[in-house]
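File shown: work_34.cif (mmCIF, C-alpha atoms and all ligand atoms).
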data_final
loop_
_atom_site.label_atom_id
_atom_site.label_comp_id
_atom_site.auth_asym_id
_atom_site.auth_seq_id
_atom_site.Cartn_x
_atom_site.Cartn_y
_atom_site.Cartn_z
CA MET A 1161 11.82 29.88 -9.73
CA ARG A 1162 9.05 27.43 -10.59
CA TYR A 1163 9.39 25.25 -13.62
CA GLU A 1164 6.15 25.58 -15.58
CA SER A 1165 5.09 22.41 -17.32
CA GLY A 1166 5.52 22.63 -21.05
CA THR A 1167 8.04 25.47 -21.06
CA ALA A 1168 11.49 24.67 -22.35
CA MET A 1169 14.02 26.47 -20.15
CA LEU A 1170 15.29 25.75 -16.67
CA GLU A 1171 15.47 29.01 -14.79
CA PRO A 1172 18.83 30.06 -13.35
CA ASN A 1173 19.31 29.59 -9.63
CA PRO A 1174 18.83 32.57 -7.35
CA ASN A 1175 22.06 34.39 -6.96
CA LEU A 1176 23.79 34.49 -3.59
CA ILE A 1177 24.87 38.10 -4.05
CA ASP A 1178 21.25 39.11 -4.60
CA LEU A 1179 20.21 37.12 -1.56
CA VAL A 1180 22.75 38.94 0.61
CA ALA A 1181 21.55 42.27 -0.78
CA ASP A 1182 17.95 41.28 0.08
CA ALA A 1183 19.00 40.35 3.60
CA ARG A 1184 20.85 43.63 4.09
CA ALA A 1185 17.84 45.57 2.78
CA GLY A 1186 15.58 43.62 5.15
CA HIS A 1187 17.89 44.35 8.06
CA ASP A 1188 17.96 48.03 7.23
CA ALA A 1189 14.16 48.16 7.01
CA ARG A 1190 13.67 46.46 10.40
CA PHE A 1191 16.61 47.72 12.40
CA ALA A 1192 17.56 50.92 10.58
CA GLY A 1193 21.23 50.51 9.96
CA PRO A 1194 23.96 48.52 8.28
CA ALA A 1195 24.64 44.83 8.83
CA PRO A 1196 28.40 44.34 8.71
CA ILE A 1197 28.32 40.66 9.65
CA ALA A 1198 26.98 38.33 6.95
CA ALA A 1199 27.00 34.55 6.73
CA ALA A 1200 25.59 32.07 4.23
CA ALA A 1201 25.09 28.31 4.39
CA PRO A 1202 23.57 26.03 1.76
CA GLY A 1203 21.03 23.22 1.70
CA ARG A 1204 22.07 19.86 0.28
CA VAL A 1205 20.98 17.09 -2.03
CA ASN A 1206 22.04 13.49 -1.54
CA LEU A 1207 22.92 11.39 -4.60
CA ILE A 1208 22.79 8.07 -2.74
CA GLY A 1209 23.17 6.67 0.79
CA GLU A 1210 19.80 7.39 2.38
CA HIS A 1211 18.86 6.80 6.01
CA ILE A 1212 22.24 5.27 6.74
CA ASP A 1213 24.12 8.27 8.15
CA TYR A 1214 22.84 7.24 11.59
CA CYS A 1215 23.86 3.64 10.84
CA ASP A 1216 27.61 4.16 10.34
CA GLY A 1217 27.06 4.11 6.56
CA PHE A 1218 28.41 6.17 3.67
CA VAL A 1219 26.55 9.09 2.11
CA MET A 1220 27.14 11.13 -1.05
CA PRO A 1221 25.57 14.57 -0.67
CA PHE A 1222 26.68 17.91 -1.98
CA ALA A 1223 25.94 21.48 -0.94
CA ILE A 1224 23.51 23.04 -3.43
CA ASP A 1225 23.33 26.59 -4.70
CA ARG A 1226 20.42 27.44 -2.40
CA TYR A 1227 21.32 29.34 0.74
CA VAL A 1228 20.18 30.68 4.07
CA VAL A 1229 21.75 34.10 4.60
CA MET A 1230 21.94 35.77 8.02
CA VAL A 1231 23.16 39.34 8.35
CA GLY A 1232 23.36 41.63 11.37
CA ARG A 1233 25.39 43.46 13.99
CA PRO A 1234 25.85 43.71 17.77
CA ASN A 1235 23.10 45.82 19.40
CA GLY A 1236 24.85 46.57 22.69
CA GLY A 1237 22.10 44.86 24.71
CA ARG A 1238 21.47 41.39 26.16
CA GLU A 1239 18.91 40.21 23.62
CA ALA A 1240 19.02 38.74 20.16
CA ARG A 1241 16.43 40.48 17.98
CA VAL A 1242 15.89 38.47 14.85
CA ALA A 1243 13.63 39.10 11.89
CA SER A 1244 13.13 37.24 8.64
CA THR A 1245 11.08 37.24 5.49
CA VAL A 1246 8.99 34.43 7.03
CA SER A 1247 7.05 36.62 9.45
CA GLU A 1248 6.36 40.22 10.34
CA ASP A 1249 7.35 39.59 13.95
CA ILE A 1250 10.73 40.21 15.44
CA ALA A 1251 11.84 37.35 17.72
CA ASN A 1252 13.35 38.53 20.99
CA ILE A 1253 15.69 36.03 22.58
CA PRO A 1254 17.15 36.94 26.00
CA LEU A 1255 20.78 35.87 26.25
CA ASP A 1256 21.55 36.20 29.97
CA ASP A 1257 21.02 32.50 30.72
CA PRO A 1258 21.78 29.39 28.68
CA LEU A 1259 18.93 28.95 26.21
CA GLU A 1260 16.54 26.05 26.73
CA PRO A 1261 14.50 24.05 24.18
CA GLY A 1262 10.77 24.75 23.90
CA ALA A 1263 10.30 27.15 21.00
CA THR A 1264 8.22 25.62 18.22
CA ASP A 1265 8.81 28.14 15.44
CA TRP A 1266 11.88 28.45 13.20
CA THR A 1267 13.82 30.21 15.97
CA LYS A 1268 14.35 26.83 17.65
CA TYR A 1269 17.25 26.15 15.27
CA LEU A 1270 18.84 29.50 16.01
CA ARG A 1271 18.31 29.05 19.76
CA GLY A 1272 19.91 25.61 19.61
CA VAL A 1273 22.97 27.02 17.86
CA ILE A 1274 23.27 29.92 20.32
CA ARG A 1275 23.14 27.36 23.14
CA GLY A 1276 25.94 25.44 21.45
CA PHE A 1277 28.11 28.57 21.60
CA GLN A 1278 27.11 29.19 25.21
CA ASP A 1279 28.11 25.61 26.03
CA ARG A 1280 31.51 26.31 24.52
CA GLY A 1281 31.91 29.12 27.06
CA HIS A 1282 30.98 32.06 24.85
CA ASN A 1283 29.08 34.96 26.34
CA VAL A 1284 26.93 35.67 23.28
CA PRO A 1285 26.29 39.42 23.15
CA GLY A 1286 23.02 40.99 22.05
CA PHE A 1287 22.60 41.33 18.31
CA ASP A 1288 20.13 42.30 15.61
CA ALA A 1289 19.87 40.00 12.61
CA PHE A 1290 17.81 39.42 9.51
CA LEU A 1291 17.43 36.11 7.68
CA VAL A 1292 16.49 35.24 4.11
CA SER A 1293 16.49 31.85 2.45
CA SER A 1294 16.36 30.32 -1.00
CA VAL A 1295 16.28 26.76 0.38
CA PRO A 1296 12.70 25.54 0.05
CA VAL A 1297 11.28 24.44 3.42
CA GLY A 1298 9.95 20.88 3.77
CA ALA A 1299 11.50 19.89 0.45
CA GLY A 1300 14.01 17.38 1.80
CA LEU A 1301 16.86 19.77 1.01
CA SER A 1302 17.92 20.49 4.60
CA SER A 1303 16.67 24.00 5.08
CA SER A 1304 17.08 23.51 8.83
CA ALA A 1305 20.75 22.45 8.56
CA ALA A 1306 21.33 25.46 6.31
CA LEU A 1307 19.76 27.72 8.93
CA GLU A 1308 21.82 26.15 11.73
CA CYS A 1309 25.09 26.42 9.80
CA ALA A 1310 24.34 29.99 8.71
CA ALA A 1311 23.58 30.92 12.33
CA ALA A 1312 26.76 29.27 13.59
CA THR A 1313 28.84 31.03 10.96
CA PHE A 1314 27.14 34.33 11.79
CA LEU A 1315 27.95 33.83 15.48
CA GLU A 1316 31.59 33.13 14.58
CA GLY A 1317 31.61 36.55 12.95
CA LEU A 1318 29.83 38.21 15.86
CA LEU A 1319 32.20 36.68 18.42
CA ASP A 1320 35.25 37.09 16.21
CA THR A 1321 36.11 33.44 16.62
CA VAL A 1322 36.55 30.44 14.34
CA ILE A 1323 35.30 26.98 15.15
CA ASP A 1324 36.77 23.93 13.48
CA THR A 1325 34.41 22.89 10.65
CA ARG A 1326 33.77 19.43 12.07
CA GLU A 1327 32.96 20.81 15.51
CA LYS A 1328 30.71 23.44 13.98
CA ALA A 1329 28.75 20.79 12.07
CA LEU A 1330 28.42 18.66 15.20
CA LEU A 1331 27.27 21.71 17.22
CA CYS A 1332 24.57 22.28 14.59
CA GLN A 1333 23.53 18.61 14.65
CA LYS A 1334 23.19 18.84 18.46
CA ALA A 1335 20.99 21.91 18.03
CA GLU A 1336 18.72 19.85 15.77
CA HIS A 1337 18.63 16.98 18.29
CA ASP A 1338 18.03 19.06 21.40
CA PHE A 1339 15.99 22.02 20.15
CA ALA A 1340 14.09 20.57 17.15
CA ASP A 1341 13.76 17.08 18.64
CA VAL A 1342 14.88 15.40 15.42
CA PRO A 1343 17.45 12.62 16.00
CA CYS A 1344 19.17 13.26 12.67
CA GLY A 1345 22.48 11.86 11.50
CA ILE A 1346 25.45 13.96 10.41
CA MET A 1347 24.87 14.19 6.68
CA ASP A 1348 23.03 17.50 6.36
CA GLN A 1349 25.16 19.62 8.65
CA PHE A 1350 28.38 18.13 7.24
CA ALA A 1351 27.28 18.81 3.66
CA SER A 1352 26.29 22.38 4.52
CA ALA A 1353 29.49 23.05 6.48
CA TYR A 1354 32.04 21.32 4.22
CA GLY A 1355 30.55 21.89 0.74
CA LYS A 1356 32.87 23.06 -2.04
CA PRO A 1357 32.17 24.02 -5.65
CA ASN A 1358 32.36 21.00 -7.96
CA ARG A 1359 32.79 18.56 -5.08
CA LEU A 1360 30.67 15.87 -3.49
CA VAL A 1361 30.95 15.59 0.27
CA MET A 1362 31.43 11.84 0.64
CA ILE A 1363 31.10 11.00 4.31
CA ASP A 1364 32.15 7.90 6.13
CA CYS A 1365 29.62 8.23 8.94
CA ARG A 1366 31.43 5.77 11.19
CA SER A 1367 34.51 7.92 11.47
CA ALA A 1368 32.60 11.13 10.63
CA GLU A 1369 35.28 11.88 8.05
CA PRO A 1370 34.23 13.83 4.97
CA GLU A 1371 36.11 13.46 1.70
CA LEU A 1372 35.68 15.99 -1.08
CA VAL A 1373 35.31 14.10 -4.34
CA PRO A 1374 35.39 15.88 -7.74
CA PHE A 1375 31.99 16.19 -9.39
CA ASP A 1376 32.53 18.60 -12.23
CA ASN A 1377 31.61 16.83 -15.45
CA PRO A 1378 29.77 19.47 -17.53
CA ASP A 1379 27.96 16.70 -19.41
CA LEU A 1380 26.13 15.75 -16.19
CA THR A 1381 23.25 17.69 -14.64
CA VAL A 1382 21.55 17.09 -11.32
CA LEU A 1383 17.85 17.92 -11.36
CA ILE A 1384 15.94 18.37 -8.14
CA ALA A 1385 12.18 17.89 -8.40
CA ASN A 1386 10.27 19.07 -5.36
CA THR A 1387 6.94 17.24 -5.03
CA ARG A 1388 5.73 20.14 -2.91
CA VAL A 1389 4.07 17.73 -0.52
CA HIS A 1390 5.15 16.92 3.02
CA HIS A 1391 3.20 14.11 4.63
CA GLU A 1392 4.50 14.12 8.19
CA LEU A 1393 4.42 17.40 9.99
CA SER A 1394 6.21 16.03 13.01
CA ASP A 1395 9.25 13.87 12.37
CA GLY A 1396 7.78 10.85 14.15
CA GLY A 1397 8.37 8.72 11.06
CA TYR A 1398 12.04 9.60 11.05
CA ALA A 1399 12.54 8.83 14.73
CA SER A 1400 10.69 5.53 14.46
CA ARG A 1401 12.86 4.42 11.51
CA ARG A 1402 15.95 5.24 13.49
CA LYS A 1403 14.60 3.21 16.45
CA ASP A 1404 13.93 0.25 14.13
CA THR A 1405 17.55 0.26 13.03
CA GLU A 1406 18.79 0.43 16.63
CA LYS A 1407 16.57 -2.49 17.56
CA GLY A 1408 17.84 -4.47 14.58
CA LEU A 1409 21.45 -3.95 15.56
CA GLU A 1410 20.71 -5.07 19.09
CA ILE A 1411 18.97 -8.27 17.93
CA LEU A 1412 21.90 -9.00 15.64
CA GLY A 1413 24.25 -8.55 18.60
CA LYS A 1414 26.44 -6.05 16.75
CA THR A 1415 27.73 -2.61 17.59
CA SER A 1416 27.95 -1.24 14.04
CA TRP A 1417 25.97 -1.81 10.84
CA ARG A 1418 29.28 -1.84 9.01
CA ASP A 1419 29.96 -5.22 10.59
CA VAL A 1420 26.66 -6.73 9.42
CA THR A 1421 26.40 -8.73 6.19
CA GLU A 1422 23.32 -9.34 4.10
CA ALA A 1423 23.64 -13.07 4.86
CA GLU A 1424 23.42 -12.30 8.58
CA VAL A 1425 20.28 -10.25 8.07
CA LEU A 1426 18.69 -13.07 6.08
CA SER A 1427 19.69 -15.75 8.59
CA HIS A 1428 18.13 -13.68 11.41
CA TRP A 1429 15.04 -12.73 9.36
CA ASP A 1430 12.43 -14.20 11.72
CA ALA A 1431 14.25 -13.18 14.88
CA LEU A 1432 14.39 -9.60 13.62
CA GLY A 1433 10.68 -9.71 12.75
CA ASP A 1434 8.77 -7.38 10.48
CA PRO A 1435 9.41 -4.50 9.84
CA VAL A 1436 12.86 -4.51 11.51
CA ASN A 1437 14.12 -7.21 9.13
CA ARG A 1438 13.22 -5.08 6.11
CA ARG A 1439 14.77 -1.99 7.70
CA ALA A 1440 17.94 -4.03 8.25
CA ARG A 1441 17.95 -5.22 4.63
CA HIS A 1442 17.73 -1.59 3.51
CA VAL A 1443 20.62 -0.46 5.70
CA VAL A 1444 22.99 -3.23 4.67
CA GLY A 1445 22.01 -2.98 1.00
CA GLU A 1446 22.25 0.82 0.92
CA ILE A 1447 25.74 0.80 2.46
CA ALA A 1448 26.88 -1.62 -0.27
CA ARG A 1449 25.12 0.39 -2.99
CA THR A 1450 26.74 3.64 -1.89
CA ILE A 1451 30.23 2.14 -1.92
CA ALA A 1452 29.52 0.73 -5.39
CA ALA A 1453 28.06 4.05 -6.58
CA ALA A 1454 31.15 6.00 -5.49
CA ALA A 1455 33.35 3.60 -7.43
CA ALA A 1456 31.06 3.74 -10.49
CA LEU A 1457 31.02 7.53 -10.46
CA GLY A 1458 34.81 7.59 -10.18
CA ARG A 1459 35.14 5.68 -13.44
CA ASN A 1460 32.21 7.45 -15.20
CA ASP A 1461 30.34 4.15 -15.28
CA PHE A 1462 26.80 5.45 -15.55
CA GLU A 1463 25.36 2.10 -16.64
CA THR A 1464 26.22 0.82 -13.15
CA LEU A 1465 25.34 4.02 -11.27
CA GLY A 1466 21.78 4.32 -12.64
CA PRO A 1467 20.55 0.91 -11.48
CA LEU A 1468 22.12 1.53 -8.04
CA MET A 1469 20.08 4.72 -7.69
CA ALA A 1470 16.97 2.80 -8.81
CA ALA A 1471 17.61 0.02 -6.28
CA SER A 1472 18.10 2.64 -3.56
CA HIS A 1473 14.70 4.15 -4.30
CA ASP A 1474 12.96 0.78 -4.38
CA SER A 1475 14.49 -0.18 -1.06
CA LEU A 1476 13.45 3.11 0.54
CA ARG A 1477 9.94 2.61 -0.84
CA ASP A 1478 9.44 -1.07 0.01
CA ASP A 1479 11.76 -1.90 2.91
CA PHE A 1480 12.31 1.40 4.68
CA GLU A 1481 8.85 2.76 3.81
CA VAL A 1482 9.76 6.42 3.65
CA SER A 1483 8.65 7.18 0.10
CA CYS A 1484 5.17 8.28 -0.96
CA LYS A 1485 3.12 8.22 -4.12
CA GLU A 1486 4.27 11.67 -5.23
CA LEU A 1487 7.96 10.72 -4.97
CA ASP A 1488 7.28 7.39 -6.67
CA THR A 1489 5.48 9.21 -9.48
CA LEU A 1490 8.46 11.47 -10.21
CA VAL A 1491 10.89 8.56 -10.06
CA ASP A 1492 8.70 6.43 -12.34
CA LEU A 1493 8.45 9.27 -14.84
CA ALA A 1494 12.25 9.60 -14.91
CA ARG A 1495 12.60 5.84 -15.34
CA ARG A 1496 10.23 5.87 -18.27
CA ILE A 1497 12.32 8.55 -19.98
CA GLY A 1498 15.24 6.21 -19.36
CA ARG A 1499 18.78 6.12 -20.65
CA LYS A 1500 17.68 6.80 -24.21
CA GLY A 1501 16.14 10.08 -23.11
CA GLY A 1502 19.26 11.02 -21.11
CA VAL A 1503 18.27 9.91 -17.59
CA ILE A 1504 21.11 8.18 -15.74
CA GLY A 1505 19.34 7.57 -12.46
CA ALA A 1506 16.57 8.90 -10.21
CA ARG A 1507 15.55 8.40 -6.61
CA MET A 1508 14.02 10.18 -3.64
CA THR A 1509 16.50 12.28 -1.67
CA GLY A 1510 16.55 13.20 2.03
CA ALA A 1511 14.31 11.89 4.78
CA GLY A 1512 11.30 11.20 2.52
CA PHE A 1513 7.57 11.32 3.35
CA GLY A 1514 7.39 13.94 0.59
CA GLY A 1515 10.12 16.36 -0.37
CA SER A 1516 12.21 15.94 -3.49
CA THR A 1517 13.67 13.50 -5.96
CA VAL A 1518 17.14 13.72 -7.46
CA THR A 1519 17.60 12.89 -11.13
CA LEU A 1520 21.09 12.55 -12.57
CA CYS A 1521 20.96 13.16 -16.29
CA GLU A 1522 22.88 14.16 -19.38
CA SER A 1523 23.09 17.94 -19.55
CA ARG A 1524 22.00 18.12 -23.18
CA HIS A 1525 18.67 16.49 -22.23
CA ALA A 1526 18.13 18.29 -18.91
CA ASP A 1527 15.56 20.83 -20.17
CA ASP A 1528 13.48 18.18 -21.92
CA ILE A 1529 13.63 15.86 -18.91
CA ALA A 1530 12.56 18.67 -16.55
CA ALA A 1531 9.68 19.53 -18.86
CA ALA A 1532 8.55 15.91 -19.08
CA LEU A 1533 8.72 15.46 -15.29
CA ALA A 1534 6.73 18.64 -14.69
CA THR A 1535 4.07 17.77 -17.25
CA GLY A 1536 3.77 14.13 -16.18
CA TYR A 1537 3.66 14.95 -12.48
CA LYS A 1538 0.98 17.60 -12.98
CA ALA A 1539 -1.10 15.14 -15.01
CA VAL A 1540 -0.95 12.45 -12.30
CA THR A 1541 -1.16 14.54 -9.11
CA GLY A 1542 -2.55 17.90 -10.18
CA ILE A 1543 0.44 19.53 -8.46
CA GLN A 1544 2.94 21.85 -10.10
CA ALA A 1545 6.35 20.43 -9.14
CA ASP A 1546 9.22 22.81 -8.51
CA ILE A 1547 12.08 21.54 -10.69
CA PHE A 1548 15.55 23.02 -10.91
CA ALA A 1549 19.06 22.11 -11.93
CA THR A 1550 21.71 22.38 -9.27
CA ARG A 1551 25.42 21.80 -8.78
CA PRO A 1552 27.86 21.54 -5.88
CA GLU A 1553 28.51 24.90 -4.30
CA ARG A 1554 30.46 26.45 -1.48
CA GLY A 1555 29.51 25.47 2.06
CA ALA A 1556 28.97 27.77 5.05
CA HIS A 1557 31.04 30.93 4.89
CA GLN A 1558 31.15 34.54 5.92
CA ILE A 1559 30.62 37.21 3.35
CA THR A 1560 32.95 40.14 3.55
CA GLY A 1561 32.44 43.46 1.86
C1 LIG B 1601 17.42 13.80 7.11
C2 LIG B 1601 18.42 13.76 8.25
C3 LIG B 1601 19.75 13.17 7.79
C4 LIG B 1601 19.55 11.84 7.08
C5 LIG B 1601 18.46 11.94 6.02
C6 LIG B 1601 18.11 10.61 5.39
O1 LIG B 1601 17.84 14.68 6.13
O2 LIG B 1601 18.63 15.04 8.77
O3 LIG B 1601 20.61 13.03 8.89
O4 LIG B 1601 19.29 10.81 7.99
O5 LIG B 1601 17.27 12.50 6.53
O6 LIG B 1601 19.20 10.09 4.70
#
What do you get writing this file as structure tokens?
Amino acid sequence: MRYESGTAMLEPNPNLIDLVADARAGHDARFAGPAPIAAAAPGRVNLIGEHIDYCDGFVMPFAIDRYVVMVGRPNGGREARVASTVSEDIANIPLDDPLEPGATDWTKYLRGVIRGFQDRGHNVPGFDAFLVSSVPVGAGLSSSAALECAAATFLEGLLDTVIDTREKALLCQKAEHDFADVPCGIMDQFASAYGKPNRLVMIDCRSAEPELVPFDNPDLTVLIANTRVHHELSDGGYASRRKDTEKGLEILGKTSWRDVTEAEVLSHWDALGDPVNRRARHVVGEIARTIAAAAALGRNDFETLGPLMAASHDSLRDDFEVSCKELDTLVDLARRIGRKGGVIGARMTGAGFGGSTVTLCESRHADDIAAALATGYKAVTGIQADIFATRPERGAHQITG
């Protein structure tokens, strides 16, 4: 899966069918038997609209062709027994009482989702399950939302019930809040739950309404470049940025960032104080940029879209302070290749502090651009980036047969 610097071909993405086969083989090895229930949910990449999903903004993610797959069956008992490729251990989760937060390993996401079903009145029966994932962890591609949405979709299968997509995404977001202690917005879980092939999941985060927008131009390629660094192990940086934005709104005397203009931010600059004033400038600017980017994309106006992506990155780097030198390096390399070399736009994607960049480029140049990014990044940082092309894929679903 790694893109080796200097080689000329982007490797194909791991195939979902193979992933399901791996999961079923893993289940059989651990629990000796078939796994009739299977669910998959993808990670996401965000084209633009960063750190504004918790500020009533607009975001433009899509579900990528990297999945968490969870397969299993009822075990007749009162425990969930869950294994994965991550560890040799089988996690045993008693289901008699409502689950409580406290776990620190990956099972916290699963526990949070089970609790969401318990809160909806479901008596979750014992089950055995096996998980595999092709969503890189800590890469800013929402591996946790993919796990939550896969688990929720698996539980729908186990309980023979269907939850409305919006409610399912919100249940998964609550799991992240309560069991992983990350006060995330709605972007990741919505993208993972609502994703469709060849569609962006444009979300108005004030109304929490997703709109599926065509994104199927074969001349365009989205490259994800994973820096393979993650600077904050806890998400303290994320929570503190969110607090800054809440403080800003309070000082401005508003109830929604959608009602704040750039002029108001500038006229309250000293009252807001540093860094809240810069956080506010990012939020207001990024909302405007995302609206403009959606319009530009709709009319294939790449000369407008590229600079909007660039301005988004600069604002995240300077005003929101969630970038890092590795992300900046990849974005600078893409900028240097520029329009002449087929790059339309590049920016960091996701929460930041490491993770990945997204580069929108012309398909005919994608291999060369990936090679140049890999080579340049290795030369500057000594790290082999993980670079792959992706496209919008199907969101959380059950796999039958
Ligand atoms: C993380 C969060 C999202 C969003 C992004 C930044 O991925 O889970 O809700 O805030 O960061 O845009």
Could you give me, as CSV, a per-residue list for chain A showing, wherever an atom lies at most 7 Å from an atom of ligand LIG 1601 (chain B), the closest pair of atoms and their distance in Å to one decimal, using all atoms listed in the file and sorting by chain then residue number from low to high?
residue,atom,partner,partner_atom,distance
A:Gly1209,CA,B:LIG1601,O6,6.5
A:Glu1210,CA,B:LIG1601,O6,3.6
A:His1211,CA,B:LIG1601,O6,3.6
A:Ile1212,CA,B:LIG1601,O6,6.1
A:Asp1213,CA,B:LIG1601,O4,5.5
A:Tyr1214,CA,B:LIG1601,O4,6.2
A:Gly1300,CA,B:LIG1601,O1,6.4
A:Ser1302,CA,B:LIG1601,O1,6.0
A:Cys1344,CA,B:LIG1601,O3,4.1
A:Gly1345,CA,B:LIG1601,O3,3.4
A:Ile1346,CA,B:LIG1601,O3,5.2
A:Met1347,CA,B:LIG1601,O3,4.9
A:Asp1348,CA,B:LIG1601,O2,5.6
A:Gly1510,CA,B:LIG1601,C6,4.5
A:Ala1511,CA,B:LIG1601,O5,3.5
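Comparing A:Thr1464, A:Thr1325, A:Ser1516, A:Asn1358 by their smallest distance to A:Lys1485, the closest is A:Ser1516 (using all atoms listed in the file).
Atom pair atom CA of A:Ala1454 / atom CA of A:Met1220 has a distance of 7.9 Å (rounded to one decimal).
When all atoms listed in the file are used to measure the gap to A:His1337, the shortest distance among A:His1390, A:Lys1268, A:His1473, A:Arg1280 belongs to A:Lys1268.
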Seminar exercise, completed: Computed gap from atom CA of A:Gly1514 to atom CA of A:Glu1486 is 7.0 Å
Problem set entry | Atom-to-atom span, atom CA of A:Val1246 and atom CA of A:Gly1298, Å | 14.0 Å
For this session: Check the smallest atom-to-atom distance from each of A:Asp1288, A:Asp1528, A:Glu1308, A:Asp1256 to A:Ala1353 using only C-alpha atoms, then report the winner.
Result: A:Glu1308
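Each of A:Ala1532, A:Ala1423, A:Cys1521, A:Val1436 was compared to A:Glu1410 using only C-alpha atoms, and A:Val1436 turns out to be the nearest.
For A:Asn1175, the residues within 10 Å (counting all atoms listed in the file, excluding itself and residues fewer than 6 positions away along the chain) are A:Asp1225, A:Arg1226, A:Tyr1227, A:Ser1294.
Of the listed residues (A:Thr1550, A:Ser1483, A:Thr1267, A:Asn1235), A:Ser1483 comes nearest to A:Val1389; the distances count only C-alpha atoms.
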For this session: Rank nothing, just name the residue among A:Asp1265, A:Asp1527, A:Cys1215, A:Arg1271 nearest to A:Ala1240, using all atoms listed in the file.
Result: A:Arg1271
Polymer residues at most 9 Å from A:Ile1497, all atoms listed in the file, same-chain spacing of 5 or more positions, as a tab-separated table (two decimals) with C-alpha atoms, keeping the file's coordinate frame:
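The resulting result12.tsv:
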chain	number	residue	atom	x	y	z
A	1492	ASP	CA	8.70	6.43	-12.34
A	1502	GLY	CA	19.26	11.02	-21.11
A	1503	VAL	CA	18.27	9.91	-17.59
A	1529	ILE	CA	13.63	15.86	-18.91
A	1532	ALA	CA	8.55	15.91	-19.08
Reconstructed stretch 1225-1236 of chain A, atom set N, CA, C and O atoms, as a tab-separated table (two decimals), in the frame of the given file:
chain	number	residue	atom	x	y	z
A	1225	ASP	N	23.26	25.13	-4.57
A	1225	ASP	CA	23.33	26.59	-4.70
A	1225	ASP	C	22.03	27.25	-4.25
A	1225	ASP	O	21.45	28.08	-4.94
A	1226	ARG	N	21.56	26.82	-3.09
A	1226	ARG	CA	20.42	27.44	-2.40
A	1226	ARG	C	20.88	27.70	-0.97
A	1226	ARG	O	21.38	26.79	-0.32
A	1227	TYR	N	20.68	28.92	-0.52
A	1227	TYR	CA	21.32	29.34	0.74
A	1227	TYR	C	20.35	29.95	1.75
A	1227	TYR	O	19.34	30.57	1.37
A	1228	VAL	N	20.72	29.81	3.02
A	1228	VAL	CA	20.18	30.68	4.07
A	1228	VAL	C	21.25	31.75	4.32
A	1228	VAL	O	22.43	31.42	4.45
A	1229	VAL	N	20.83	32.99	4.34
A	1229	VAL	CA	21.75	34.10	4.60
A	1229	VAL	C	21.30	34.81	5.87
A	1229	VAL	O	20.11	35.10	6.05
A	1230	MET	N	22.25	35.06	6.76
A	1230	MET	CA	21.94	35.77	8.02
A	1230	MET	C	22.90	36.95	8.13
A	1230	MET	O	24.11	36.78	8.07
A	1231	VAL	N	22.33	38.14	8.25
A	1231	VAL	CA	23.16	39.34	8.35
A	1231	VAL	C	22.79	40.10	9.63
A	1231	VAL	O	21.66	39.99	10.11
A	1232	GLY	N	23.71	40.87	10.17
A	1232	GLY	CA	23.36	41.63	11.37
A	1232	GLY	C	24.54	42.34	12.00
A	1232	GLY	O	25.59	42.49	11.38
A	1233	ARG	N	24.35	42.71	13.26
A	1233	ARG	CA	25.39	43.46	13.99
A	1233	ARG	C	25.07	43.39	15.50
A	1233	ARG	O	23.92	43.15	15.89
A	1234	PRO	N	26.10	43.67	16.32
A	1234	PRO	CA	25.85	43.71	17.77
A	1234	PRO	C	24.91	44.87	18.08
A	1234	PRO	O	24.95	45.91	17.40
A	1235	ASN	N	24.02	44.71	19.08
A	1235	ASN	CA	23.10	45.82	19.40
A	1235	ASN	C	23.39	46.42	20.77
A	1235	ASN	O	22.64	47.28	21.25
A	1236	GLY	N	24.45	45.97	21.41
A	1236	GLY	CA	24.85	46.57	22.69
A	1236	GLY	C	24.01	46.11	23.87
A	1236	GLY	O	24.29	46.47	25.01
